[in-house]
Amino acid sequence: QEGAGGVKAYAGPDSVTNATQHFEGHKDDILCMSHHRETGVLVTGSYDGDIILWATDTGHMRSRLVLPGILAMKGDQRPIEAIGLIECGHRQVVVGGRQQVTETVVLVITVGGDGVVRFWSSDSTAELLLEFQLTGQDVGLVDLAICHKTSVLIIADALGFIYVFDIQRTVRTGVKSLQPTSQPLLAPVQQTSFRAHQTSVSSLGYIKDRRVIFTG
């Protein structure tokens with residue numbers, strides 16, 4: 001990751017010095033990114049609220065995710081502060097009008113300055129599947145952590161609060177929400193919240209084996 005809207009991908013023994021791909025598309029500084037190894041999807045978010053899905057094998061942009069009402073947002077509401085990816089299972093898709101192939105369903109989660117949690121599809125539709133306001137519009141969300149093993153989503157805000165969610169039913173409905181006869185994606189269930197700091201959280205992590213949250 002680099003500033004001024006660019007991303008570089010590294011791989012192999014010479015990865016410290018040689019970039020395998022260079023992605024150009026953002027107009028402002030990139031604040032966060034997340035990568036799914038199996039599907040090759042890379043998602044980046046920037047200060048101006050731009051969210052881009054990339055194909056890491058080609059370096060090409062797959063699609064853009066557009067924040068609802070972004071033109072009416074104040075400047076400090078637009079930044080995308082954290083991105084997460086949730087694998088929900090597999091579905092059959094038709095390629096070339098005939099052949100059916102198995103595709104891994106991955107949902108994109110974004111949080112940012114407007115205090116809204118959003119779930120998006122990572123396929124070519126770039127569809128917003130679910131959104132809910134977690135805090136007031138003047139309280140931004142600053143980081144998130146996901147654990148598939150324990151079905152936990154953890155989000156931190158700019159006032160120092162931590163929110164813990166159970167994502168089991170969201171994962172279960174992820175594939176169905178993308179079917180032709182789509183069913184609504186169910187929101188995660190909030191389990192608890194607590195104040196971890198007197199000021200904004202700057203970093204958040206989760207140790208799955210011990211089920212421990214750590215913050216800074």
# chains A, B, ... in the order shown; residues from 1 in each chain; ligands from 1
$ residues_around --residues "A:His148" --least-positions-apart "6" --cutoff "12 Å" --atoms "only C-alpha atoms" --output "list of chain:residue names"
A:Gly84, A:Leu85, A:Ile86, A:Glu87, A:Cys88, A:Gly89, A:Ile154, A:Phe165, A:Asp166, A:Ile167, A:Gln168, A:Thr170, A:Val171, A:Tyr206, A:Ile207, A:Lys208, A:Asp209
$ residues_around --residues "stretch 48-60 of chain A" --least-positions-apart "4" --cutoff "10 Å" --atoms "only C-alpha atoms" --output "PyMOL selection string"
chain A and resi 7-9+20-37+39-44+64-67+70+73+75-81+83+108+110+112-113+122-124+126
$ closest_residue --among "A:Ala82, A:Val101, A:Leu134, A:Leu129" --to "A:Ser177" --atoms "only C-alpha atoms"
A:Leu129
$ residues_around --residues "A:His197" --least-positions-apart "2" --cutoff "6 Å" --atoms "only C-alpha atoms" --output "list of chain:residue names"
A:Gly160, A:Arg195, A:Thr199
$ select_by_dssp --residues "stretch 65-215 of chain A" --states "alpha helix (DSSP H)" --output "list in words"
Gln168, Arg169, Thr170, Val171 and Arg172 of chain A
$ write_last_selection --atoms "all heavy atoms" --output "short mmCIF file (atom, residue, chain, number, x, y, z; two decimals), in the first residue's frame"
data_model
loop_
_atom_site.label_atom_id
_atom_site.label_comp_id
_atom_site.auth_asym_id
_atom_site.auth_seq_id
_atom_site.Cartn_x
_atom_site.Cartn_y
_atom_site.Cartn_z
N GLN A 168 -23.12 -15.09 12.65
CA GLN A 168 -23.53 -16.40 12.14
C GLN A 168 -24.68 -16.29 11.14
O GLN A 168 -24.64 -16.88 10.06
CB GLN A 168 -23.95 -17.32 13.30
CG GLN A 168 -22.78 -17.78 14.15
CD GLN A 168 -23.22 -18.78 15.20
OE1 GLN A 168 -23.53 -19.93 14.88
NE2 GLN A 168 -23.27 -18.35 16.45
N ARG A 169 -25.71 -15.54 11.47
CA ARG A 169 -26.87 -15.49 10.56
C ARG A 169 -26.56 -14.66 9.32
O ARG A 169 -27.15 -14.88 8.26
CB ARG A 169 -28.10 -14.97 11.28
CG ARG A 169 -28.09 -13.50 11.67
CD ARG A 169 -29.42 -13.12 12.30
NE ARG A 169 -29.57 -11.67 12.44
CZ ARG A 169 -30.70 -11.10 12.85
NH1 ARG A 169 -31.75 -11.86 13.17
NH2 ARG A 169 -30.78 -9.79 12.94
N THR A 170 -25.63 -13.72 9.42
CA THR A 170 -25.21 -12.97 8.24
C THR A 170 -24.47 -13.87 7.27
O THR A 170 -24.72 -13.82 6.05
CB THR A 170 -24.29 -11.79 8.66
OG1 THR A 170 -24.94 -11.03 9.68
CG2 THR A 170 -23.97 -10.90 7.48
N VAL A 171 -23.60 -14.72 7.79
CA VAL A 171 -22.88 -15.67 6.95
C VAL A 171 -23.84 -16.66 6.30
O VAL A 171 -23.74 -16.97 5.11
CB VAL A 171 -21.81 -16.42 7.77
CG1 VAL A 171 -21.20 -17.55 6.96
CG2 VAL A 171 -20.72 -15.45 8.24
N ARG A 172 -24.82 -17.14 7.07
CA ARG A 172 -25.78 -18.12 6.56
C ARG A 172 -26.62 -17.57 5.41
O ARG A 172 -26.99 -18.30 4.48
CB ARG A 172 -26.71 -18.61 7.67
CG ARG A 172 -26.08 -19.61 8.63
CD ARG A 172 -27.15 -20.37 9.39
NE ARG A 172 -28.05 -19.48 10.10
CZ ARG A 172 -27.90 -19.11 11.37
NH1 ARG A 172 -26.86 -19.56 12.06
NH2 ARG A 172 -28.76 -18.30 11.95
#
$ select_by_dssp --residues "stretch 16-216 of chain A" --states "strand (DSSP E)" --output "count of residues only"
106
$ closest_residue --among "A:Leu130, A:Val116, A:Leu153, A:Ile213" --to "A:Thr173" --atoms "only C-alpha atoms"
A:Leu130
$ closest_residue --among "A:Val164, A:Val93, A:Phe214, A:Trp120" --to "A:Gln190" --atoms "only C-alpha atoms"
A:Val164
$ residues_around --residues "A:Glu131" --least-positions-apart "5" --cutoff "12 Å" --atoms "only C-alpha atoms" --output "MDAnalysis selection string"
chainID A and resid 67:68 108:111 114:120 184:188
$ write_last_selection --atoms "all heavy atoms" --output "compact mmCIF listing (two decimals), in the first residue's frame"
# COMPACT_ATOMS: atom_id res chain seq x y z
N LEU A 67 -20.71 4.94 -2.00
CA LEU A 67 -21.43 5.22 -0.76
C LEU A 67 -22.73 5.94 -1.06
O LEU A 67 -22.74 6.95 -1.78
CB LEU A 67 -20.58 6.10 0.16
CG LEU A 67 -19.32 5.49 0.79
CD1 LEU A 67 -18.61 6.54 1.64
CD2 LEU A 67 -19.66 4.27 1.62
N PRO A 68 -23.86 5.47 -0.52
CA PRO A 68 -25.13 6.19 -0.72
C PRO A 68 -25.07 7.60 -0.14
O PRO A 68 -24.62 7.80 0.98
CB PRO A 68 -26.14 5.32 0.05
CG PRO A 68 -25.48 3.98 0.18
CD PRO A 68 -24.02 4.25 0.27
N VAL A 108 -18.09 -7.91 1.39
CA VAL A 108 -17.20 -6.83 1.81
C VAL A 108 -17.89 -6.02 2.90
O VAL A 108 -19.07 -5.65 2.77
CB VAL A 108 -16.87 -5.91 0.62
CG1 VAL A 108 -15.94 -4.78 1.06
CG2 VAL A 108 -16.26 -6.69 -0.53
N ILE A 109 -17.17 -5.76 3.99
CA ILE A 109 -17.68 -4.91 5.07
C ILE A 109 -16.84 -3.63 5.10
O ILE A 109 -15.61 -3.69 5.07
CB ILE A 109 -17.58 -5.58 6.44
CG1 ILE A 109 -18.23 -6.96 6.44
CG2 ILE A 109 -18.23 -4.71 7.52
CD1 ILE A 109 -18.05 -7.69 7.75
N THR A 110 -17.52 -2.48 5.16
CA THR A 110 -16.80 -1.21 5.25
C THR A 110 -17.35 -0.39 6.42
O THR A 110 -18.54 -0.42 6.70
CB THR A 110 -16.93 -0.37 3.96
OG1 THR A 110 -18.31 -0.07 3.71
CG2 THR A 110 -16.37 -1.14 2.77
N VAL A 111 -16.45 0.32 7.09
CA VAL A 111 -16.84 1.28 8.12
C VAL A 111 -16.04 2.55 7.91
O VAL A 111 -14.95 2.53 7.33
CB VAL A 111 -16.60 0.74 9.55
CG1 VAL A 111 -17.43 -0.50 9.81
CG2 VAL A 111 -15.12 0.44 9.79
N ASP A 114 -18.90 8.15 8.69
CA ASP A 114 -20.32 8.46 8.89
C ASP A 114 -20.98 7.55 9.93
O ASP A 114 -22.18 7.67 10.17
CB ASP A 114 -21.07 8.37 7.57
CG ASP A 114 -21.07 6.98 6.95
OD1 ASP A 114 -20.31 6.11 7.45
OD2 ASP A 114 -21.79 6.77 5.96
N GLY A 115 -20.22 6.64 10.54
CA GLY A 115 -20.76 5.79 11.59
C GLY A 115 -21.67 4.67 11.10
O GLY A 115 -22.39 4.07 11.89
N VAL A 116 -21.61 4.34 9.80
CA VAL A 116 -22.48 3.32 9.22
C VAL A 116 -21.66 2.07 8.89
O VAL A 116 -20.55 2.16 8.35
CB VAL A 116 -23.16 3.83 7.93
CG1 VAL A 116 -24.00 2.72 7.30
CG2 VAL A 116 -24.04 5.04 8.25
N VAL A 117 -22.22 0.89 9.21
CA VAL A 117 -21.64 -0.39 8.83
C VAL A 117 -22.33 -0.85 7.55
O VAL A 117 -23.57 -0.90 7.50
CB VAL A 117 -21.83 -1.45 9.93
CG1 VAL A 117 -21.15 -2.76 9.55
CG2 VAL A 117 -21.29 -0.94 11.26
N ARG A 118 -21.55 -1.19 6.53
CA ARG A 118 -22.13 -1.58 5.24
C ARG A 118 -21.57 -2.93 4.79
O ARG A 118 -20.38 -3.19 4.93
CB ARG A 118 -21.85 -0.52 4.17
CG ARG A 118 -22.54 0.81 4.43
CD ARG A 118 -22.31 1.82 3.32
NE ARG A 118 -23.09 3.02 3.51
CZ ARG A 118 -22.68 4.11 4.16
NH1 ARG A 118 -21.45 4.12 4.68
NH2 ARG A 118 -23.47 5.16 4.29
N PHE A 119 -22.47 -3.74 4.23
CA PHE A 119 -22.12 -5.02 3.65
C PHE A 119 -22.39 -4.97 2.15
O PHE A 119 -23.50 -4.60 1.73
CB PHE A 119 -22.94 -6.15 4.27
CG PHE A 119 -22.60 -6.45 5.71
CD1 PHE A 119 -23.02 -5.61 6.72
CD2 PHE A 119 -21.87 -7.58 6.04
CE1 PHE A 119 -22.73 -5.88 8.05
CE2 PHE A 119 -21.56 -7.86 7.37
CZ PHE A 119 -21.99 -7.01 8.37
N TRP A 120 -21.39 -5.35 1.34
CA TRP A 120 -21.49 -5.29 -0.12
C TRP A 120 -21.18 -6.65 -0.72
O TRP A 120 -20.46 -7.45 -0.13
CB TRP A 120 -20.49 -4.30 -0.69
CG TRP A 120 -20.35 -2.97 -0.03
CD1 TRP A 120 -19.75 -2.70 1.17
CD2 TRP A 120 -20.82 -1.71 -0.52
NE1 TRP A 120 -19.80 -1.36 1.45
CE2 TRP A 120 -20.44 -0.71 0.43
CE3 TRP A 120 -21.50 -1.32 -1.67
CZ2 TRP A 120 -20.73 0.63 0.24
CZ3 TRP A 120 -21.79 0.02 -1.86
CH2 TRP A 120 -21.41 0.99 -0.90
N PRO A 184 -33.21 -11.20 1.82
CA PRO A 184 -32.44 -10.14 2.48
C PRO A 184 -31.27 -10.71 3.28
O PRO A 184 -31.38 -11.76 3.90
CB PRO A 184 -33.47 -9.48 3.40
CG PRO A 184 -34.80 -9.87 2.84
CD PRO A 184 -34.62 -11.22 2.23
N LEU A 185 -30.17 -9.99 3.25
CA LEU A 185 -29.03 -10.34 4.10
C LEU A 185 -29.37 -9.92 5.53
O LEU A 185 -29.72 -8.76 5.77
CB LEU A 185 -27.78 -9.61 3.62
CG LEU A 185 -26.48 -9.93 4.37
CD1 LEU A 185 -26.04 -11.36 4.08
CD2 LEU A 185 -25.38 -8.94 3.99
N LEU A 186 -29.28 -10.86 6.46
CA LEU A 186 -29.63 -10.56 7.84
C LEU A 186 -28.47 -9.88 8.56
O LEU A 186 -27.31 -10.27 8.41
CB LEU A 186 -30.02 -11.84 8.58
CG LEU A 186 -31.29 -12.54 8.06
CD1 LEU A 186 -31.58 -13.79 8.88
CD2 LEU A 186 -32.49 -11.60 8.07
N ALA A 187 -28.80 -8.88 9.34
CA ALA A 187 -27.78 -8.11 10.05
C ALA A 187 -27.17 -8.94 11.17
O ALA A 187 -27.82 -9.81 11.75
CB ALA A 187 -28.40 -6.85 10.63
N PRO A 188 -25.92 -8.69 11.50
CA PRO A 188 -25.30 -9.36 12.65
C PRO A 188 -25.98 -8.96 13.94
O PRO A 188 -26.59 -7.89 14.03
CB PRO A 188 -23.84 -8.89 12.60
CG PRO A 188 -23.89 -7.60 11.85
CD PRO A 188 -24.99 -7.73 10.85
$ atom_distance --atom1 "atom CA of A:Ser203" --atom2 "atom CA of A:Leu107"
22.2 Å
